[in-house]
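my_file.tsv follows (TSV, C-alpha atoms):
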chain	number	residue	atom	x	y	z
A	1	MET	CA	129.98	80.92	-141.00
A	2	SER	CA	130.82	82.43	-137.58
A	3	HIS	CA	132.99	85.07	-139.30
A	4	TYR	CA	130.07	85.94	-141.58
A	5	PHE	CA	127.64	86.38	-138.68
A	6	PHE	CA	130.18	88.38	-136.69
A	7	THR	CA	130.64	90.70	-139.67
A	8	SER	CA	126.89	91.05	-140.21
A	9	ASN	CA	126.55	92.10	-136.55
A	10	LYS	CA	129.42	94.61	-136.70
A	11	TYR	CA	127.24	97.46	-135.45
A	12	LEU	CA	126.30	95.48	-132.35
A	13	VAL	CA	129.99	94.68	-131.81
A	14	ALA	CA	130.78	98.40	-131.97
A	15	ILE	CA	128.01	99.16	-129.45
A	16	LEU	CA	129.34	96.46	-127.10
A	17	LEU	CA	132.92	97.75	-127.17
A	18	PHE	CA	131.85	101.39	-126.87
A	19	THR	CA	129.62	100.65	-123.87
A	20	LEU	CA	132.24	98.67	-121.97
A	21	VAL	CA	134.99	101.19	-122.63
A	22	THR	CA	132.73	104.12	-121.64
A	23	ILE	CA	131.71	102.52	-118.34
A	24	CYS	CA	135.28	101.59	-117.38
A	25	SER	CA	136.71	104.99	-118.30
A	26	THR	CA	133.91	106.81	-116.44
A	27	ALA	CA	134.44	104.73	-113.32
A	28	ILE	CA	138.18	105.39	-113.33
A	29	THR	CA	137.65	109.12	-113.95
A	30	ILE	CA	135.12	109.83	-111.19
A	31	GLY	CA	136.33	107.28	-108.63
A	32	GLU	CA	139.47	106.33	-106.70
A	33	PHE	CA	141.13	102.93	-106.49
A	34	LYS	CA	140.78	101.18	-103.15
A	35	ALA	CA	143.71	100.02	-101.08
A	36	ILE	CA	144.74	96.46	-101.82
A	37	ASN	CA	144.15	95.31	-98.25
A	38	SER	CA	140.49	96.45	-98.48
A	39	ILE	CA	139.67	94.47	-101.62
A	40	ALA	CA	137.42	91.41	-101.16
A	41	TRP	CA	139.05	88.93	-103.52
A	42	VAL	CA	136.38	86.28	-103.06
A	43	ASP	CA	133.74	88.75	-104.29
A	44	ILE	CA	135.97	89.67	-107.22
A	45	ILE	CA	136.22	86.04	-108.32
A	46	GLY	CA	132.46	85.52	-108.10
A	47	GLU	CA	131.39	88.79	-109.69
A	48	GLY	CA	134.17	88.72	-112.27
A	49	GLY	CA	133.23	85.19	-113.26
A	50	MET	CA	129.60	86.21	-113.81
A	51	MET	CA	130.68	89.22	-115.85
A	52	LEU	CA	132.95	87.14	-118.08
A	53	MET	CA	130.26	84.48	-118.49
A	54	ILE	CA	127.68	86.99	-119.72
A	55	PHE	CA	130.29	88.54	-122.03
A	56	THR	CA	130.90	85.07	-123.46
A	57	TRP	CA	127.15	84.65	-124.05
A	58	ILE	CA	127.12	87.94	-125.96
A	59	VAL	CA	130.04	86.84	-128.16
A	60	PHE	CA	128.42	83.49	-128.93
A	61	THR	CA	125.19	85.26	-129.83
A	62	LEU	CA	127.00	87.55	-132.27
A	63	ILE	CA	128.99	84.77	-133.98
A	64	SER	CA	126.19	82.20	-134.20
A	65	ARG	CA	123.15	84.24	-135.28
A	66	PRO	CA	122.41	86.37	-138.35
A	67	ALA	CA	121.54	90.03	-137.93
A	68	GLY	CA	117.85	90.55	-137.22
A	69	ARG	CA	115.20	91.43	-134.69
A	70	VAL	CA	115.64	88.40	-132.43
A	71	THR	CA	119.42	88.81	-132.38
A	72	THR	CA	119.07	92.49	-131.48
A	73	TRP	CA	116.69	91.73	-128.61
A	74	LEU	CA	118.98	89.01	-127.26
A	75	PHE	CA	122.01	91.26	-127.55
A	76	THR	CA	120.30	94.20	-125.84
A	77	GLY	CA	119.09	92.10	-122.93
A	78	LEU	CA	122.50	90.52	-122.41
A	79	LEU	CA	124.30	93.85	-122.75
A	80	LEU	CA	122.14	95.49	-120.07
A	81	THR	CA	122.80	92.56	-117.76
A	82	GLU	CA	126.51	92.84	-118.53
A	83	ILE	CA	126.43	96.53	-117.60
A	84	SER	CA	125.05	95.70	-114.15
A	85	MET	CA	127.64	92.95	-113.65
A	86	LEU	CA	130.46	95.25	-114.76
A	87	LEU	CA	129.38	98.06	-112.41
A	88	ASP	CA	129.14	95.59	-109.56
A	89	PHE	CA	132.60	94.25	-110.40
A	90	LEU	CA	134.18	97.72	-110.59
A	91	ASP	CA	132.79	98.54	-107.12
A	92	GLU	CA	135.25	96.03	-105.68
A	93	PHE	CA	138.20	98.07	-106.97
A	94	ILE	CA	136.94	101.65	-107.06
A	95	HIS	CA	135.50	103.89	-104.36
A	96	TYR	CA	133.23	106.79	-105.32
A	97	ALA	CA	132.81	110.05	-103.47
A	98	ALA	CA	129.38	110.97	-102.10
A	99	HIS	CA	128.54	113.28	-104.99
A	100	ASN	CA	129.32	110.44	-107.46
A	101	SER	CA	127.50	107.70	-105.58
A	102	TRP	CA	124.80	107.76	-108.26
A	103	PHE	CA	127.16	105.65	-110.38
A	104	THR	CA	126.67	102.68	-108.07
A	105	THR	CA	122.98	103.16	-107.26
A	106	VAL	CA	121.94	102.53	-110.89
A	107	GLU	CA	123.80	99.24	-111.24
A	108	SER	CA	120.76	97.03	-110.56
A	109	PHE	CA	118.40	98.68	-113.04
A	110	PRO	CA	120.03	97.60	-116.34
A	111	ALA	CA	119.95	93.91	-115.32
A	112	ALA	CA	116.24	94.08	-114.44
A	113	ILE	CA	115.39	95.62	-117.81
A	114	GLY	CA	117.75	93.21	-119.55
A	115	MET	CA	115.99	90.17	-118.07
A	116	VAL	CA	112.66	91.42	-119.40
A	117	LEU	CA	114.12	91.96	-122.88
A	118	MET	CA	115.77	88.53	-122.91
A	119	THR	CA	112.50	86.90	-121.91
A	120	PHE	CA	110.79	88.59	-124.85
A	121	ALA	CA	113.68	87.59	-127.15
A	122	LEU	CA	113.47	83.94	-126.08
A	123	TYR	CA	109.72	84.02	-126.74
A	124	GLN	CA	110.43	85.22	-130.30
A	125	LEU	CA	113.23	82.66	-130.64
A	126	HIS	CA	110.72	79.92	-129.81
A	127	PHE	CA	108.58	80.80	-132.85
A	128	GLU	CA	111.67	81.20	-135.03
A	129	GLN	CA	112.81	77.70	-134.09
A	130	GLN	CA	109.37	76.28	-134.86
A	131	THR	CA	109.64	77.65	-138.40
A	132	ILE	CA	113.13	76.16	-138.79
A	133	ASN	CA	111.93	72.79	-137.51
A	134	THR	CA	109.10	72.77	-140.06
A	135	GLN	CA	111.63	73.29	-142.86
A	136	LEU	CA	113.90	70.58	-141.45
A	137	LYS	CA	111.06	68.05	-141.45
A	138	ARG	CA	110.84	68.39	-145.21
A	139	THR	CA	114.39	67.08	-145.55
A	140	GLU	CA	113.80	64.18	-143.14
A	141	ARG	CA	110.92	62.22	-144.57
A	142	TYR	CA	111.22	59.05	-142.49
A	143	TYR	CA	114.26	59.27	-140.24
A	144	ARG	CA	117.37	61.34	-139.65
A	145	GLU	CA	120.57	60.04	-141.16
A	146	HIS	CA	123.12	62.86	-141.09
A	147	SER	CA	125.86	60.74	-142.65
A	148	LEU	CA	123.80	60.87	-145.86
A	149	THR	CA	123.43	64.65	-145.87
A	150	ASP	CA	125.02	66.79	-148.57
A	151	PHE	CA	127.34	69.32	-146.91
A	152	VAL	CA	126.86	72.09	-149.49
A	153	THR	CA	123.05	72.18	-149.73
A	154	GLN	CA	122.08	70.48	-146.43
A	155	LEU	CA	119.75	68.26	-148.47
A	156	TYR	CA	120.03	64.50	-148.44
A	157	SER	CA	122.42	62.85	-150.87
A	158	ALA	CA	121.87	60.66	-153.92
A	159	GLN	CA	122.54	57.58	-151.78
A	160	TYR	CA	119.69	58.50	-149.46
A	161	MET	CA	117.39	59.07	-152.44
A	162	LYS	CA	118.18	55.57	-153.72
A	163	GLN	CA	117.24	54.11	-150.34
A	164	GLN	CA	113.95	55.99	-150.34
A	165	LEU	CA	113.20	54.97	-153.92
A	166	LYS	CA	113.54	51.34	-152.90
A	167	TYR	CA	111.16	51.97	-150.02
A	168	GLU	CA	108.69	53.81	-152.22
A	169	LEU	CA	108.72	51.09	-154.90
A	170	ASN	CA	107.82	48.45	-152.30
A	171	HIS	CA	105.13	50.75	-150.91
A	172	VAL	CA	103.39	51.43	-154.23
A	173	LYS	CA	103.47	47.75	-155.17
A	174	ALA	CA	101.84	46.76	-151.89
A	175	HIS	CA	99.21	49.53	-151.96
A	176	HIS	CA	98.70	49.86	-155.74
A	177	SER	CA	99.46	53.56	-155.54
A	178	THR	CA	101.73	55.87	-157.50
A	179	PHE	CA	104.49	58.39	-157.01
A	180	SER	CA	106.27	61.00	-159.11
A	181	LEU	CA	109.80	62.29	-159.42
A	182	ILE	CA	111.05	65.73	-160.40
A	183	MET	CA	114.60	66.16	-161.65
A	184	LEU	CA	116.04	69.67	-161.66
A	185	ASP	CA	119.23	70.83	-163.35
A	186	VAL	CA	120.88	74.26	-163.00
A	187	ARG	CA	121.60	75.64	-166.46
A	188	LYS	CA	125.17	76.67	-167.37
A	189	PHE	CA	126.40	75.92	-163.88
A	190	ASN	CA	129.91	75.13	-165.12
A	191	ASP	CA	130.07	78.58	-166.72
A	192	PHE	CA	129.01	80.11	-163.40
A	193	ASN	CA	131.79	78.25	-161.55
A	194	GLN	CA	134.40	79.33	-164.07
A	195	ARG	CA	133.30	82.96	-163.83
A	196	PHE	CA	132.79	83.34	-160.09
A	197	GLY	CA	134.61	80.38	-158.54
A	198	TYR	CA	133.52	77.17	-156.88
A	199	ALA	CA	132.87	78.79	-153.50
A	200	GLN	CA	130.24	81.07	-155.06
A	201	GLY	CA	128.88	78.07	-156.96
A	202	ASP	CA	128.37	76.17	-153.72
A	203	PHE	CA	126.65	79.18	-152.18
A	204	LEU	CA	124.31	79.43	-155.18
A	205	LEU	CA	123.40	75.74	-154.86
A	206	GLY	CA	122.61	76.32	-151.19
A	207	GLU	CA	120.26	79.19	-152.04
A	208	ILE	CA	118.51	77.12	-154.71
A	209	ALA	CA	118.12	74.27	-152.22
A	210	LYS	CA	116.37	76.62	-149.79
A	211	LEU	CA	113.93	77.73	-152.49
A	212	LEU	CA	113.32	74.10	-153.39
A	213	LEU	CA	112.37	73.27	-149.80
A	214	MET	CA	110.03	76.25	-149.63
A	215	ASN	CA	108.11	75.08	-152.68
A	216	ILE	CA	107.56	71.41	-151.89
A	217	ARG	CA	105.06	69.88	-149.50
A	218	ASP	CA	105.40	68.15	-146.16
A	219	GLY	CA	106.14	64.53	-147.00
A	220	ASP	CA	108.01	65.30	-150.22
A	221	LEU	CA	111.72	64.54	-150.23
A	222	ALA	CA	114.37	66.73	-151.89
A	223	CYS	CA	117.91	65.50	-152.47
A	224	ARG	CA	121.01	66.68	-154.26
A	225	TYR	CA	121.56	64.05	-156.93
A	226	ALA	CA	124.75	65.32	-158.58
A	227	SER	CA	126.86	68.47	-158.90
A	228	ASP	CA	124.11	70.78	-160.20
A	229	ARG	CA	121.22	68.33	-160.25
A	230	PHE	CA	118.44	67.76	-157.71
A	231	ILE	CA	115.65	65.17	-157.36
A	232	VAL	CA	112.33	65.53	-155.56
A	233	LEU	CA	110.33	62.44	-154.59
A	234	LEU	CA	106.58	63.08	-154.34
A	235	PRO	CA	104.64	60.14	-152.77
A	236	ASN	CA	101.03	59.52	-153.83
A	237	THR	CA	101.34	62.18	-156.50
A	238	THR	CA	100.42	62.17	-160.19
A	239	ALA	CA	102.54	63.68	-162.92
A	240	ASN	CA	100.10	66.58	-163.38
A	241	VAL	CA	100.45	67.65	-159.75
A	242	ALA	CA	104.22	67.19	-159.93
A	243	ARG	CA	104.36	69.49	-162.97
A	244	VAL	CA	102.59	72.21	-161.00
A	245	ILE	CA	105.08	71.92	-158.14
A	246	SER	CA	107.95	71.83	-160.63
A	247	GLY	CA	106.65	75.04	-162.19
A	248	HIS	CA	106.55	76.71	-158.78
A	249	ILE	CA	110.18	75.75	-158.18
A	250	GLU	CA	111.24	77.08	-161.60
A	251	GLN	CA	109.49	80.40	-160.98
A	252	ALA	CA	111.05	80.76	-157.53
A	253	VAL	CA	114.56	80.13	-158.87
A	254	ALA	CA	114.01	82.42	-161.87
A	255	HIS	CA	113.28	85.29	-159.46
A	256	LEU	CA	116.38	84.64	-157.35
A	257	ALA	CA	118.47	87.81	-157.74
A	258	TYR	CA	121.86	86.33	-156.87
A	259	LYS	CA	124.68	88.82	-156.23
A	260	SER	CA	128.29	87.69	-156.15
A	261	GLY	CA	130.54	89.32	-153.54
A	262	ASP	CA	130.18	93.09	-153.38
A	263	SER	CA	128.69	93.37	-156.87
A	264	SER	CA	125.29	95.06	-157.19
A	265	THR	CA	124.62	93.25	-160.47
A	266	ALA	CA	122.02	90.51	-160.08
A	267	ILE	CA	122.37	87.12	-161.72
A	268	TYR	CA	119.13	85.24	-162.35
A	269	PRO	CA	119.82	81.48	-162.51
A	270	LYS	CA	117.56	79.16	-164.49
A	271	ILE	CA	116.83	75.48	-164.16
A	272	SER	CA	115.56	72.73	-166.40
A	273	SER	CA	113.05	70.32	-164.88
A	274	CYS	CA	111.83	66.84	-165.69
A	275	VAL	CA	108.71	65.03	-164.37
A	276	ASN	CA	107.85	61.31	-164.44
A	277	GLN	CA	105.16	59.23	-162.75
A	278	TYR	CA	105.74	55.64	-161.60
A	279	GLN	CA	103.71	52.74	-160.29
A	280	GLY	CA	106.43	50.29	-159.26
A	281	GLN	CA	107.00	48.30	-162.47
A	282	GLN	CA	110.66	49.36	-162.76
A	283	SER	CA	113.72	49.11	-160.52
A	284	TYR	CA	115.18	52.22	-158.98
A	285	GLN	CA	118.22	51.91	-161.30
A	286	GLU	CA	115.95	51.94	-164.35
A	287	ILE	CA	113.98	54.88	-162.98
A	288	LEU	CA	117.08	56.99	-162.42
A	289	ALA	CA	118.53	56.05	-165.81
A	290	GLN	CA	115.28	57.01	-167.53
A	291	LEU	CA	115.06	60.30	-165.67
A	292	ASN	CA	118.66	61.23	-166.44
A	293	HIS	CA	118.17	60.39	-170.11
A	294	LYS	CA	115.07	62.56	-170.31
A	295	MET	CA	116.93	65.43	-168.68
A	296	SER	CA	119.77	65.10	-171.18
A	297	VAL	CA	117.33	65.19	-174.08
A	298	VAL	CA	115.60	68.28	-172.78
A	299	LYS	CA	118.85	70.11	-172.11
A	300	TYR	CA	120.02	69.32	-175.64
A	301	GLU	CA	116.71	70.47	-177.18
A	302	SER	CA	116.72	73.62	-175.05
A	303	THR	CA	120.26	74.48	-176.11
A	304	ALA	CA	119.58	73.74	-179.77
A	305	ALA	CA	116.46	75.88	-179.80
A	306	ARG	CA	118.13	78.63	-177.72
A	307	SER	CA	114.96	78.94	-175.73
A	308	ASP	CA	113.79	78.59	-172.14
A	309	VAL	CA	111.70	75.45	-172.79
A	310	THR	CA	111.94	73.08	-169.83
A	311	CYS	CA	111.57	69.37	-169.51
A	312	THR	CA	108.05	69.69	-168.14
A	313	ASN	CA	106.89	70.24	-171.72
A	314	VAL	CA	108.23	66.83	-172.80
A	315	PRO	CA	105.60	64.06	-172.89
A	316	VAL	CA	105.68	61.97	-169.73
A	317	THR	CA	106.07	58.21	-170.02
A	318	ASN	CA	105.81	55.56	-167.38
Please express what this file holds, its structure, as structure tokens.
Amino acid sequence: MSHYFFTSNKYLVAILLFTLVTICSTAITIGEFKAINSIAWVDIIGEGGMMLMIFTWIVFTLISRPAGRVTTWLFTGLLLTEISMLLDFLDEFIHYAAHNSWFTTVESFPAAIGMVLMTFALYQLHFEQQTINTQLKRTERYYREHSLTDFVTQLYSAQYMKQQLKYELNHVKAHHSTFSLIMLDVRKFNDFNQRFGYAQGDFLLGEIAKLLLMNIRDGDLACRYASDRFIVLLPNTTANVARVISGHIEQAVAHLAYKSGDSSTAIYPKISSCVNQYQGQQSYQEILAQLNHKMSVVKYESTAARSDVTCTNVPVTN
């Protein structure tokens, strides 16, 4: 992932290297090196340490963040601060003639501007993180248990879903309420893996998982149930409402223009979906077996008919 972000920020990397090389070469060209006995080594350690620290911050920013407005603001602010630190550091080694003294007088200005830009960037980062936290809450319905998280999709695993089904069954029995489940299955996923490879298949599942999270509500729980199969638990929800949400998910996935590698050809994945409503009369094993059977029936009927009919058109039974 760090290699991907570093590549996506390649223009910022080029700007960083160009700026540092230009400043160093200019200083060497217009200045003269000081005598060794006149160099303050304590200042060099302090100023050099600050310069290297800010450079490290820049590198971490470029390898840990995707390209975008916030990343650009952070980079610009840090780079301007780095320029001031570098000029201050070079002063310890290089002496400038009077007519080139301007090179040292400007060293404080980039840092001042950089601090302002970084403050603005951190303000934007605050709102970006709030959006991310809202999405994360949808995958953590009751508590965080990262050992039960699926690595590929970052959704919770089938084991976590089983735990939550047990909880939900006890809840609906005690409160005489209801809940619904949506099962989603990516069509012809094995064919996709054989054509593009398992790495691209994992990436596709991750993109579908993101769309799934965007189209469910706060309080709903989405999990990866199997290789290409997902389950969404919708508390206090009837089958009719679940069908609407399922339809939104199908539409979102159908409009996903997935491109493999450097290809400009878009692949539009499709999913089959299945909806059931429950009131606590069955065990979680029976519920999952029933849902899987319904999905198998719908996939068979869809293949036999060579159509795009999804499981949401199959009559729902309790």
(request) Mind giving me the straight-line distance from CA of Cys223 (chain A) to CA of Gln164 (chain A) in Å, one decimal? (result) 10.5 Å
Name all residues at most 10 Å from region 74-86 of chain A (count all atoms listed in the file; drop same-chain ones fewer than 6 positions away) and give them as a PDB file with C-alpha atoms, keeping the file's coordinate frame.
ATOM      1  CA  LEU A  12     126.300  95.480-132.350  1.00  0.00           C
ATOM      2  CA  VAL A  13     129.990  94.680-131.810  1.00  0.00           C
ATOM      3  CA  ILE A  15     128.010  99.160-129.450  1.00  0.00           C
ATOM      4  CA  LEU A  16     129.340  96.460-127.100  1.00  0.00           C
ATOM      5  CA  THR A  19     129.620 100.650-123.870  1.00  0.00           C
ATOM      6  CA  LEU A  20     132.240  98.670-121.970  1.00  0.00           C
ATOM      7  CA  ILE A  23     131.710 102.520-118.340  1.00  0.00           C
ATOM      8  CA  CYS A  24     135.280 101.590-117.380  1.00  0.00           C
ATOM      9  CA  GLU A  47     131.390  88.790-109.690  1.00  0.00           C
ATOM     10  CA  GLY A  48     134.170  88.720-112.270  1.00  0.00           C
ATOM     11  CA  GLY A  49     133.230  85.190-113.260  1.00  0.00           C
ATOM     12  CA  MET A  50     129.600  86.210-113.810  1.00  0.00           C
ATOM     13  CA  MET A  51     130.680  89.220-115.850  1.00  0.00           C
ATOM     14  CA  LEU A  52     132.950  87.140-118.080  1.00  0.00           C
ATOM     15  CA  MET A  53     130.260  84.480-118.490  1.00  0.00           C
ATOM     16  CA  ILE A  54     127.680  86.990-119.720  1.00  0.00           C
ATOM     17  CA  PHE A  55     130.290  88.540-122.030  1.00  0.00           C
ATOM     18  CA  TRP A  57     127.150  84.650-124.050  1.00  0.00           C
ATOM     19  CA  ILE A  58     127.120  87.940-125.960  1.00  0.00           C
ATOM     20  CA  VAL A  59     130.040  86.840-128.160  1.00  0.00           C
ATOM     21  CA  THR A  61     125.190  85.260-129.830  1.00  0.00           C
ATOM     22  CA  LEU A  62     127.000  87.550-132.270  1.00  0.00           C
ATOM     23  CA  THR A 104     126.670 102.680-108.070  1.00  0.00           C
ATOM     24  CA  VAL A 106     121.940 102.530-110.890  1.00  0.00           C
ATOM     25  CA  GLU A 107     123.800  99.240-111.240  1.00  0.00           C
ATOM     26  CA  SER A 108     120.760  97.030-110.560  1.00  0.00           C
ATOM     27  CA  PHE A 109     118.400  98.680-113.040  1.00  0.00           C
ATOM     28  CA  PRO A 110     120.030  97.600-116.340  1.00  0.00           C
ATOM     29  CA  ALA A 111     119.950  93.910-115.320  1.00  0.00           C
ATOM     30  CA  ALA A 112     116.240  94.080-114.440  1.00  0.00           C
ATOM     31  CA  ILE A 113     115.390  95.620-117.810  1.00  0.00           C
ATOM     32  CA  GLY A 114     117.750  93.210-119.550  1.00  0.00           C
ATOM     33  CA  MET A 115     115.990  90.170-118.070  1.00  0.00           C
ATOM     34  CA  VAL A 116     112.660  91.420-119.400  1.00  0.00           C
ATOM     35  CA  LEU A 117     114.120  91.960-122.880  1.00  0.00           C
ATOM     36  CA  MET A 118     115.770  88.530-122.910  1.00  0.00           C
ATOM     37  CA  THR A 119     112.500  86.900-121.910  1.00  0.00           C
ATOM     38  CA  PHE A 120     110.790  88.590-124.850  1.00  0.00           C
ATOM     39  CA  ALA A 121     113.680  87.590-127.150  1.00  0.00           C
ATOM     40  CA  LEU A 122     113.470  83.940-126.080  1.00  0.00           C
ATOM     41  CA  GLN A 124     110.430  85.220-130.300  1.00  0.00           C
ATOM     42  CA  LEU A 125     113.230  82.660-130.640  1.00  0.00           C
TER      43      LEU A 125
END
(message) Quick check, in Å to one decimal: how far apart do CA of Asn193 (chain A) and CA of Val152 (chain A) lie?
(response)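 Taking CA of Asn193 (chain A) as the start and CA of Val152 (chain A) as the end point, the length is 14.4 Å.
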(message) To one decimal place in Å, what is the distance between CA of Phe93 (chain A) and CA of Gly46 (chain A)?
(response) 13.8 Å
(request) Measuring atom to atom with all atoms listed in the file, identify which of A:Phe127, A:Phe18, A:Tyr156, A:Phe196 is nearest to Ala222 (chain A). (result)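 Of all the options, A:Tyr156 lies closest to Ala222 (chain A).
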(request) Give the answer as one residue: which of A:Phe151, A:Phe179, A:Tyr258, A:Phe60 has the shortest atom-to-atom distance to Phe192 (chain A), using only C-alpha atoms? (result)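 Using only C-alpha atoms, Phe192 (chain A) sits closest to A:Tyr258.
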(message) So, with only C-alpha atoms as the atoms that count, which of A:Leu165, A:Asp202, A:Ala254, A:Pro235 lies closest to Arg217 (chain A)?
(response)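 The closest residue to Arg217 (chain A) is A:Pro235.
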(request) Measuring atom to atom with all atoms listed in the file, identify which of A:Ala97, A:Ala14, A:Ile182, A:Leu205 is nearest to Leu234 (chain A). (result)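 Checking each candidate against Leu234 (chain A), we get A:Ile182 as the closest.
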Since fewer atoms than expected are present, regenerate N, CA, C and O atoms for region 111-129 of chain A and write them as a PDB file, in the frame of the given file.
ATOM      1  N   ALA A 111     120.163  95.363-115.337  1.00  0.00           N
ATOM      2  CA  ALA A 111     119.950  93.910-115.320  1.00  0.00           C
ATOM      3  C   ALA A 111     118.461  93.569-115.297  1.00  0.00           C
ATOM      4  O   ALA A 111     118.012  92.635-115.976  1.00  0.00           O
ATOM      5  N   ALA A 112     117.684  94.341-114.508  1.00  0.00           N
ATOM      6  CA  ALA A 112     116.240  94.080-114.440  1.00  0.00           C
ATOM      7  C   ALA A 112     115.585  94.272-115.800  1.00  0.00           C
ATOM      8  O   ALA A 112     114.780  93.445-116.248  1.00  0.00           O
ATOM      9  N   ILE A 113     115.952  95.376-116.475  1.00  0.00           N
ATOM     10  CA  ILE A 113     115.390  95.620-117.810  1.00  0.00           C
ATOM     11  C   ILE A 113     115.892  94.574-118.794  1.00  0.00           C
ATOM     12  O   ILE A 113     115.149  94.089-119.650  1.00  0.00           O
ATOM     13  N   GLY A 114     117.172  94.205-118.655  1.00  0.00           N
ATOM     14  CA  GLY A 114     117.750  93.210-119.550  1.00  0.00           C
ATOM     15  C   GLY A 114     117.064  91.862-119.455  1.00  0.00           C
ATOM     16  O   GLY A 114     116.865  91.180-120.465  1.00  0.00           O
ATOM     17  N   MET A 115     116.687  91.447-118.250  1.00  0.00           N
ATOM     18  CA  MET A 115     115.990  90.170-118.070  1.00  0.00           C
ATOM     19  C   MET A 115     114.642  90.182-118.784  1.00  0.00           C
ATOM     20  O   MET A 115     114.232  89.184-119.388  1.00  0.00           O
ATOM     21  N   VAL A 116     113.955  91.311-118.717  1.00  0.00           N
ATOM     22  CA  VAL A 116     112.660  91.420-119.400  1.00  0.00           C
ATOM     23  C   VAL A 116     112.854  91.299-120.914  1.00  0.00           C
ATOM     24  O   VAL A 116     112.123  90.585-121.601  1.00  0.00           O
ATOM     25  N   LEU A 117     113.862  92.001-121.440  1.00  0.00           N
ATOM     26  CA  LEU A 117     114.120  91.960-122.880  1.00  0.00           C
ATOM     27  C   LEU A 117     114.533  90.569-123.331  1.00  0.00           C
ATOM     28  O   LEU A 117     114.125  90.108-124.402  1.00  0.00           O
ATOM     29  N   MET A 118     115.354  89.882-122.546  1.00  0.00           N
ATOM     30  CA  MET A 118     115.770  88.530-122.910  1.00  0.00           C
ATOM     31  C   MET A 118     114.600  87.550-122.888  1.00  0.00           C
ATOM     32  O   MET A 118     114.523  86.630-123.709  1.00  0.00           O
ATOM     33  N   THR A 119     113.700  87.749-121.953  1.00  0.00           N
ATOM     34  CA  THR A 119     112.500  86.900-121.910  1.00  0.00           C
ATOM     35  C   THR A 119     111.684  87.069-123.180  1.00  0.00           C
ATOM     36  O   THR A 119     111.218  86.093-123.779  1.00  0.00           O
ATOM     37  N   PHE A 120     111.513  88.323-123.601  1.00  0.00           N
ATOM     38  CA  PHE A 120     110.790  88.590-124.850  1.00  0.00           C
ATOM     39  C   PHE A 120     111.531  88.002-126.040  1.00  0.00           C
ATOM     40  O   PHE A 120     110.922  87.424-126.950  1.00  0.00           O
ATOM     41  N   ALA A 121     112.876  88.116-126.050  1.00  0.00           N
ATOM     42  CA  ALA A 121     113.680  87.590-127.150  1.00  0.00           C
ATOM     43  C   ALA A 121     113.568  86.067-127.231  1.00  0.00           C
ATOM     44  O   ALA A 121     113.458  85.492-128.317  1.00  0.00           O
ATOM     45  N   LEU A 122     113.589  85.404-126.091  1.00  0.00           N
ATOM     46  CA  LEU A 122     113.470  83.940-126.080  1.00  0.00           C
ATOM     47  C   LEU A 122     112.088  83.502-126.557  1.00  0.00           C
ATOM     48  O   LEU A 122     111.941  82.446-127.181  1.00  0.00           O
ATOM     49  N   TYR A 123     111.083  84.307-126.254  1.00  0.00           N
ATOM     50  CA  TYR A 123     109.720  84.020-126.740  1.00  0.00           C
ATOM     51  C   TYR A 123     109.696  84.084-128.265  1.00  0.00           C
ATOM     52  O   TYR A 123     109.118  83.218-128.929  1.00  0.00           O
ATOM     53  N   GLN A 124     110.340  85.104-128.844  1.00  0.00           N
ATOM     54  CA  GLN A 124     110.430  85.220-130.300  1.00  0.00           C
ATOM     55  C   GLN A 124     111.288  84.104-130.888  1.00  0.00           C
ATOM     56  O   GLN A 124     111.000  83.595-131.971  1.00  0.00           O
ATOM     57  N   LEU A 125     112.346  83.739-130.168  1.00  0.00           N
ATOM     58  CA  LEU A 125     113.230  82.660-130.640  1.00  0.00           C
ATOM     59  C   LEU A 125     112.492  81.338-130.713  1.00  0.00           C
ATOM     60  O   LEU A 125     112.760  80.509-131.592  1.00  0.00           O
ATOM     61  N   HIS A 126     111.537  81.144-129.802  1.00  0.00           N
ATOM     62  CA  HIS A 126     110.720  79.920-129.810  1.00  0.00           C
ATOM     63  C   HIS A 126     109.969  79.784-131.132  1.00  0.00           C
ATOM     64  O   HIS A 126     109.975  78.713-131.760  1.00  0.00           O
ATOM     65  N   PHE A 127     109.331  80.850-131.597  1.00  0.00           N
ATOM     66  CA  PHE A 127     108.580  80.800-132.850  1.00  0.00           C
ATOM     67  C   PHE A 127     109.520  80.693-134.049  1.00  0.00           C
ATOM     68  O   PHE A 127     109.209  80.022-135.042  1.00  0.00           O
ATOM     69  N   GLU A 128     110.672  81.325-133.953  1.00  0.00           N
ATOM     70  CA  GLU A 128     111.670  81.200-135.030  1.00  0.00           C
ATOM     71  C   GLU A 128     112.121  79.758-135.172  1.00  0.00           C
ATOM     72  O   GLU A 128     112.240  79.231-136.286  1.00  0.00           O
ATOM     73  N   GLN A 129     112.362  79.082-134.053  1.00  0.00           N
ATOM     74  CA  GLN A 129     112.810  77.700-134.090  1.00  0.00           C
ATOM     75  C   GLN A 129     111.715  76.768-134.623  1.00  0.00           C
ATOM     76  O   GLN A 129     112.016  75.775-135.308  1.00  0.00           O
TER      77      GLN A 129
END
